[in-house]
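A.B. asks: The following file, query-v2.txt, comprises compact mmCIF, C-alpha atoms:
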# COMPACT_ATOMS: atom_id res chain seq x y z
CA MET A 23 18.11 14.60 8.38
CA SER A 24 16.73 12.20 10.94
CA ASN A 25 13.83 10.01 9.85
CA SER A 26 11.96 11.18 12.95
CA ILE A 27 11.92 14.70 11.50
CA TYR A 28 9.50 15.23 8.64
CA ASN A 29 6.92 17.75 7.50
CA TYR A 30 4.18 15.45 6.31
CA ILE A 31 3.01 11.86 6.20
CA ILE A 32 1.25 11.20 2.90
CA LYS A 33 -0.83 8.11 2.15
CA TYR A 34 -0.56 6.48 -1.28
CA ILE A 35 -2.33 3.56 -2.90
CA ILE A 36 -1.19 1.47 -5.88
CA ILE A 37 -4.01 -0.06 -7.91
CA GLY A 38 -4.50 -2.01 -11.12
CA ASP A 39 -4.96 -5.52 -12.50
CA THR A 40 -3.14 -8.56 -11.18
CA GLY A 41 0.35 -9.03 -12.62
CA VAL A 42 0.96 -5.46 -13.81
CA GLY A 43 3.85 -5.02 -11.38
CA LYS A 44 2.35 -3.06 -8.49
CA SER A 45 4.30 -4.92 -5.80
CA CYS A 46 7.47 -4.74 -7.88
CA ILE A 47 7.13 -0.97 -8.23
CA LEU A 48 6.70 -0.66 -4.46
CA LEU A 49 9.70 -2.92 -3.78
CA GLN A 50 11.87 -1.03 -6.25
CA PHE A 51 10.91 2.29 -4.67
CA THR A 52 11.29 1.27 -1.01
CA ASP A 53 14.14 -1.26 -1.24
CA LYS A 54 15.74 -0.46 -4.62
CA ARG A 55 15.56 -4.06 -5.74
CA PHE A 56 13.61 -6.18 -8.19
CA MET A 57 12.09 -9.58 -7.46
CA PRO A 58 11.17 -11.33 -10.74
CA ALA A 59 9.24 -14.17 -9.06
CA HIS A 60 6.70 -12.44 -6.86
CA ASP A 61 3.75 -13.98 -5.04
CA LEU A 62 0.36 -12.45 -5.72
CA THR A 63 -0.61 -9.84 -3.18
CA ILE A 64 -3.31 -11.12 -0.86
CA GLY A 65 -5.44 -8.20 0.29
CA VAL A 66 -2.90 -5.39 0.65
CA GLY A 67 0.85 -4.92 1.03
CA PHE A 68 2.54 -1.96 2.67
CA GLY A 69 5.76 0.02 2.47
CA THR A 70 7.19 3.36 3.59
CA ARG A 71 9.92 5.68 2.45
CA PHE A 72 11.11 9.21 3.12
CA ILE A 73 11.66 11.58 0.21
CA LYS A 74 12.61 15.24 -0.03
CA VAL A 75 10.42 17.63 -2.03
CA ASN A 76 11.30 21.33 -2.22
CA ASP A 77 13.51 21.07 0.89
CA GLN A 78 10.78 19.35 2.88
CA GLN A 79 11.07 15.86 4.31
CA ILE A 80 7.99 13.78 3.46
CA LYS A 81 7.14 10.30 4.67
CA LEU A 82 5.19 8.23 2.16
CA GLN A 83 2.99 5.42 3.44
CA ILE A 84 2.17 3.23 0.44
CA TRP A 85 -0.55 0.61 0.28
CA ASP A 86 -0.14 -1.98 -2.48
CA THR A 87 -3.59 -3.40 -3.27
CA ALA A 88 -4.48 -6.79 -4.70
CA GLY A 89 -5.69 -6.81 -8.29
CA GLN A 90 -7.96 -9.83 -8.08
CA GLU A 91 -11.69 -9.18 -8.29
CA SER A 92 -12.24 -11.30 -5.17
CA PHE A 93 -10.33 -8.73 -3.10
CA ARG A 94 -11.93 -5.65 -4.66
CA SER A 95 -14.25 -4.96 -1.72
CA ILE A 96 -11.29 -5.12 0.68
CA THR A 97 -9.00 -2.89 -1.36
CA ARG A 98 -11.70 -0.26 -1.90
CA SER A 99 -11.59 0.52 1.82
CA TYR A 100 -7.97 1.66 1.38
CA TYR A 101 -8.95 4.25 -1.22
CA ARG A 102 -10.47 6.45 1.44
CA GLY A 103 -7.99 8.93 2.79
CA ALA A 104 -5.46 8.40 0.00
CA ALA A 105 -3.75 11.61 -1.11
CA GLY A 106 -1.93 9.93 -4.00
CA ALA A 107 -2.77 7.00 -6.26
CA LEU A 108 -0.70 5.15 -8.84
CA LEU A 109 -2.97 3.53 -11.43
CA VAL A 110 -0.87 0.81 -13.06
CA TYR A 111 -1.25 -1.18 -16.27
CA ASP A 112 1.15 -3.47 -18.16
CA ILE A 113 2.21 -2.11 -21.57
CA THR A 114 2.55 -5.71 -22.83
CA ARG A 115 -1.00 -6.73 -21.88
CA ARG A 116 -3.69 -4.66 -23.56
CA GLU A 117 -6.49 -5.96 -21.36
CA THR A 118 -4.87 -4.33 -18.31
CA PHE A 119 -5.08 -0.98 -20.12
CA GLU A 120 -8.70 -1.58 -21.13
CA HIS A 121 -9.61 -2.23 -17.49
CA LEU A 122 -8.32 1.19 -16.40
CA THR A 123 -11.74 2.82 -16.71
CA VAL A 124 -13.09 0.46 -14.04
CA TRP A 125 -10.18 1.17 -11.69
CA LEU A 126 -10.46 4.89 -12.29
CA GLU A 127 -14.17 4.83 -11.56
CA ASP A 128 -13.39 3.05 -8.29
CA VAL A 129 -10.87 5.71 -7.29
CA ARG A 130 -13.16 8.59 -8.19
CA GLN A 131 -16.02 7.00 -6.27
CA HIS A 132 -14.22 5.96 -3.11
CA ALA A 133 -11.17 8.24 -2.76
CA ASN A 134 -10.93 11.90 -1.84
CA PRO A 135 -11.81 14.26 -4.74
CA ASN A 136 -8.39 15.91 -4.34
CA THR A 137 -6.48 12.64 -4.71
CA VAL A 138 -3.57 13.08 -7.14
CA ILE A 139 -3.64 10.20 -9.64
CA MET A 140 -0.68 9.09 -11.75
CA LEU A 141 -1.23 6.68 -14.64
CA ILE A 142 1.67 4.22 -14.83
CA GLY A 143 2.51 2.11 -17.88
CA ASN A 144 4.79 -0.48 -16.32
CA LYS A 145 7.26 -2.92 -17.94
CA CYS A 146 8.58 -0.42 -20.49
CA ASP A 147 11.75 -2.52 -20.58
CA LEU A 148 9.74 -5.05 -22.64
CA GLU A 149 9.40 -2.76 -25.64
CA SER A 150 9.36 -5.62 -28.16
CA ASN A 151 6.20 -6.99 -26.52
CA ARG A 152 4.38 -3.66 -26.32
CA GLN A 153 0.62 -3.75 -26.93
CA VAL A 154 -0.27 -0.24 -25.73
CA SER A 155 1.40 2.77 -27.35
CA THR A 156 2.75 5.63 -25.29
CA GLU A 157 0.62 8.04 -27.32
CA GLU A 158 -2.62 6.16 -26.61
CA ALA A 159 -1.93 6.04 -22.89
CA ALA A 160 -0.93 9.71 -22.80
CA LYS A 161 -4.22 10.59 -24.50
CA PHE A 162 -6.18 8.56 -21.93
CA ALA A 163 -4.34 10.34 -19.12
CA GLU A 164 -5.00 13.77 -20.62
CA GLU A 165 -8.70 13.04 -21.17
CA ASN A 166 -9.07 11.95 -17.55
CA GLY A 167 -6.91 14.59 -15.88
CA LEU A 168 -4.16 12.20 -14.83
CA TYR A 169 -0.39 12.50 -14.66
CA PHE A 170 1.36 9.90 -16.82
CA LEU A 171 4.66 8.04 -16.90
CA GLU A 172 5.96 4.76 -18.27
CA THR A 173 8.09 2.84 -15.80
CA SER A 174 10.13 -0.30 -15.42
CA ALA A 175 10.12 -1.87 -11.98
CA LYS A 176 12.95 -4.08 -13.27
CA SER A 177 15.36 -1.32 -14.38
CA ALA A 178 13.90 1.28 -11.97
CA GLU A 179 13.22 3.66 -14.87
CA ASN A 180 10.89 6.49 -13.75
CA VAL A 181 9.91 4.71 -10.52
CA GLU A 182 11.37 7.48 -8.34
CA GLU A 183 9.91 10.08 -10.67
CA ALA A 184 6.39 8.67 -10.30
CA PHE A 185 6.36 9.10 -6.54
CA GLU A 186 8.25 12.40 -6.54
CA ARG A 187 6.00 14.05 -9.15
CA THR A 188 2.82 13.06 -7.33
CA ALA A 189 4.25 14.14 -3.97
CA LYS A 190 5.17 17.51 -5.45
CA ALA A 191 1.63 17.92 -6.83
CA ILE A 192 0.17 17.06 -3.41
CA GLN A 193 2.53 19.52 -1.74
CA GLU A 194 1.39 22.25 -4.15
CA LYS A 195 -2.23 21.52 -3.26
CA ILE A 196 -1.36 21.94 0.41
CA GLN A 197 0.43 25.23 -0.23
CA THR A 198 -2.41 26.67 -2.29
CA GLY A 199 -5.06 25.61 0.20
CA VAL A 200 -6.79 23.16 -2.15
CA ILE A 201 -6.29 20.45 0.47
CA ASP A 202 -7.90 21.20 3.82
CA MET A 203 -5.33 20.21 6.42
CA ASN A 204 -8.02 20.21 9.12
CA SER A 205 -9.75 17.28 7.43
CA GLU A 206 -8.69 13.79 8.49
CA SER A 207 -9.88 12.30 5.18
CA ASN A 208 -7.27 14.00 2.98
CA GLY A 209 -4.59 11.33 3.46
CA ILE A 210 -2.06 13.76 4.92
CA LYS A 211 -0.86 14.20 8.48
CA LEU A 212 1.48 16.83 9.83
CA GLY A 213 4.85 15.54 10.92
CA HIS A 214 7.59 16.94 13.14
CA PRO A 215 9.68 19.37 11.09
CA GLN A 216 12.99 20.59 12.48
CA GLY A 217 12.50 24.14 13.65
CA GLY A 218 8.89 24.19 12.41
CA SER A 219 7.40 23.95 8.95
CA SER A 220 7.87 26.56 6.26
CA LEU A 221 4.31 26.15 5.06
CA PRO A 222 1.64 28.48 6.47
CA SER A 223 -0.94 25.70 6.40
CA ALA A 224 1.25 23.55 8.64
CA ASN A 225 1.97 26.39 11.04
CA SER A 226 -1.70 27.22 11.41
CA SER A 227 -2.62 23.59 12.02
CA SER A 228 0.19 22.55 14.29
CA ASN A 229 -2.16 20.60 16.55
CA SER A 230 -3.80 18.66 13.74
CA SER A 231 -3.90 14.86 14.08
CA GLY A 232 -1.69 13.40 12.79
CA CYS A 233 5.43 -8.29 -8.79
CA CYS A 234 2.04 -8.76 -8.29
Go through the file and emit its structure as structure tokens.

C.D. replies:
Amino acid sequence: MSNSIYNYIIKYIIIGDTGVGKSCILLQFTDKRFMPAHDLTIGVGFGTRFIKVNDQQIKLQIWDTAGQESFRSITRSYYRGAAGALLVYDITRRETFEHLTVWLEDVRQHANPNTVIMLIGNKCDLESNRQVSTEEAAKFAEENGLYFLETSAKSAENVEEAFERTAKAIQEKIQTGVIDMNSESNGIKLGHPQGGSSLPSANSSSNSSGCC
């Protein structure tokens, strides 16, 4: 399928403390490679990739935000209009897990209420250095209504799954009418499906606008 043919464009953000691997996750997902020595993200980074969910072509536009406090006011502006968010911590650094409540509060305050949020415990390849148990993180995710996966940007474990699961959840919200496709703040734009979209919401809104 041509990259010019797709059903939706969906905006994602990746957030979390500095050094948890946000940029590495993005690079692994978009380029299928790992860069061990990675400059700190200044402001925001950006990447795109097409994926297929339930026979629909979806273009993901992913904003990788800086984790430093000095850039917080800049990165908050990217929360608005995000349909999906990956909230990342480092399983080998407990403080990055303890800071999740602050990041989550930011998302809930500045993003769309229908934003699908996935909690990501990155660097699961460093099991011997683990400081946050899978069970503790899963409990945090459940208590806060988040999806949860542990990933490794280095080995690529669960990186694809993180984006695909959230995209599927967003797609389901479109199909069930939870997401208003007439709103420009939902982080989703209609694309150019081949022969038209199979979703009623898309058909009825065909003129809608579009390791740090």

A.B. asks: Find the spatial neighbours of segment 140-142 of chain A, counting all atoms listed in the file, within a cut-off of 8 Å - ignore same-chain residues fewer than 5 positions away - and output them as a ChimeraX atom specification.

C.D. replies: /A:106-111,163,168-173,184,188

A.B. asks: Could you tell me how far atom CA of Arg115 of chain A lies from atom CA of Val42 of chain A, in Å and to one decimal?

C.D. replies: 8.4 Å

A.B. asks: So, counting all atoms listed in the file, which residue among A:Val75, A:Ala104, A:Met57, A:Ile47 is closest to Tyr28 of chain A?

C.D. replies: A:Val75

A.B. asks: Hey, can you pull every residue with an atom no more than 10 Å from (-0.2, 17.2, -6.3), using all atoms listed in the file, and send it as a list in words?

C.D. replies: Ala105, Gly106, Asn136, Thr137, Val138, Ile139, Met140, Tyr169, Glu186, Arg187, Thr188, Ala189, Lys190, Ala191, Ile192, Gln193, Glu194, Lys195, Ile196, Val200 and Ile201 of chain A

A.B. asks: Could you dump the residues just selected with C-alpha atoms as a PDB file, in the frame of the given file?

C.D. replies:
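The result, written out as part-v1.pdb:
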ATOM      1  CA  ALA A 105      -3.750  11.610  -1.110  1.00  0.00           C
ATOM      2  CA  GLY A 106      -1.930   9.930  -4.000  1.00  0.00           C
ATOM      3  CA  ASN A 136      -8.390  15.910  -4.340  1.00  0.00           C
ATOM      4  CA  THR A 137      -6.480  12.640  -4.710  1.00  0.00           C
ATOM      5  CA  VAL A 138      -3.570  13.080  -7.140  1.00  0.00           C
ATOM      6  CA  ILE A 139      -3.640  10.200  -9.640  1.00  0.00           C
ATOM      7  CA  MET A 140      -0.680   9.090 -11.750  1.00  0.00           C
ATOM      8  CA  TYR A 169      -0.390  12.500 -14.660  1.00  0.00           C
ATOM      9  CA  GLU A 186       8.250  12.400  -6.540  1.00  0.00           C
ATOM     10  CA  ARG A 187       6.000  14.050  -9.150  1.00  0.00           C
ATOM     11  CA  THR A 188       2.820  13.060  -7.330  1.00  0.00           C
ATOM     12  CA  ALA A 189       4.250  14.140  -3.970  1.00  0.00           C
ATOM     13  CA  LYS A 190       5.170  17.510  -5.450  1.00  0.00           C
ATOM     14  CA  ALA A 191       1.630  17.920  -6.830  1.00  0.00           C
ATOM     15  CA  ILE A 192       0.170  17.060  -3.410  1.00  0.00           C
ATOM     16  CA  GLN A 193       2.530  19.520  -1.740  1.00  0.00           C
ATOM     17  CA  GLU A 194       1.390  22.250  -4.150  1.00  0.00           C
ATOM     18  CA  LYS A 195      -2.230  21.520  -3.260  1.00  0.00           C
ATOM     19  CA  ILE A 196      -1.360  21.940   0.410  1.00  0.00           C
ATOM     20  CA  VAL A 200      -6.790  23.160  -2.150  1.00  0.00           C
ATOM     21  CA  ILE A 201      -6.290  20.450   0.470  1.00  0.00           C
TER      22      ILE A 201
END

A.B. asks: Counting all atoms listed in the file, find the residues whose atoms lie at most 7 Å from (9.6, 1.6, -6.1) (file coordinates) and write them out as a PyMOL selection string.

C.D. replies: chain A and resi 46-52+54+175+181-182

A.B. asks: Ranking A:Ser150, A:Ser207, A:Ser99, A:Thr123 by minimum distance to Pro135 of chain A and counting only C-alpha atoms, which one comes first?

C.D. replies: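 Once distances to Pro135 of chain A are computed over only C-alpha atoms, the minimum belongs to A:Ser207.
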
A.B. asks: Can you work out which one of A:Gln78, A:Glu149, A:Tyr100, A:Asp53 has the shortest atom-to-atom distance to Ala133 of chain A, counting only C-alpha atoms?

C.D. replies: A:Tyr100

A.B. asks: Could you give me, as a PyMOL selection string, the residues within 12 Å of Asp128 of chain A, counting all atoms listed in the file and dropping anything in the same chain fewer than 2 positions from it?

C.D. replies: chain A and resi 37-38+94-95+97-102+107+109+121-126+130-135

A.B. asks: Skipping near chain neighbours, those fewer than 6 positions away, what residues fall within 12 Å of Arg116 of chain A using all atoms listed in the file, listed as an mmCIF file with C-alpha atoms, keeping the file's coordinate frame?

C.D. replies:
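This went into out_22.cif:
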data_model
loop_
_atom_site.group_PDB
_atom_site.id
_atom_site.type_symbol
_atom_site.label_atom_id
_atom_site.label_comp_id
_atom_site.auth_asym_id
_atom_site.auth_seq_id
_atom_site.Cartn_x
_atom_site.Cartn_y
_atom_site.Cartn_z
ATOM 1 C CA ASP A 39 -4.960 -5.520 -12.500
ATOM 2 C CA VAL A 42 0.960 -5.460 -13.810
ATOM 3 C CA LEU A 122 -8.320 1.190 -16.400
ATOM 4 C CA GLY A 143 2.510 2.110 -17.880
ATOM 5 C CA ASN A 144 4.790 -0.480 -16.320
ATOM 6 C CA ASN A 151 6.200 -6.990 -26.520
ATOM 7 C CA ARG A 152 4.380 -3.660 -26.320
ATOM 8 C CA GLN A 153 0.620 -3.750 -26.930
ATOM 9 C CA VAL A 154 -0.270 -0.240 -25.730
ATOM 10 C CA SER A 155 1.400 2.770 -27.350
ATOM 11 C CA GLU A 158 -2.620 6.160 -26.610
ATOM 12 C CA ALA A 159 -1.930 6.040 -22.890
#

A.B. asks: Take atom CA of Thr40 of chain A and atom CA of Ile80 of chain A and report the distance between them in Å, one decimal.

C.D. replies: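 Separation between atom CA of Thr40 of chain A and atom CA of Ile80 of chain A: 28.9 Å.
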
A.B. asks: State, in Å with one decimal place, the distance from atom CA of Asn180 of chain A to atom CA of Phe72 of chain A.

C.D. replies: 17.1 Å

A.B. asks: My list of candidates is A:Asn29, A:Thr118, A:Asn208, A:Ser177. Which is closest to Lys145 of chain A when distances are computed with only C-alpha atoms?

C.D. replies: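 Nearest candidate to Lys145 of chain A out of A:Asn29, A:Thr118, A:Asn208, A:Ser177: A:Ser177.
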
A.B. asks: I'd like the contact shell of Gly67 of chain A - 8 Å cut-off, only C-alpha atoms, skipping same-chain residues fewer than 5 positions apart - returned as a PyMOL selection string.

C.D. replies: chain A and resi 45+85-87
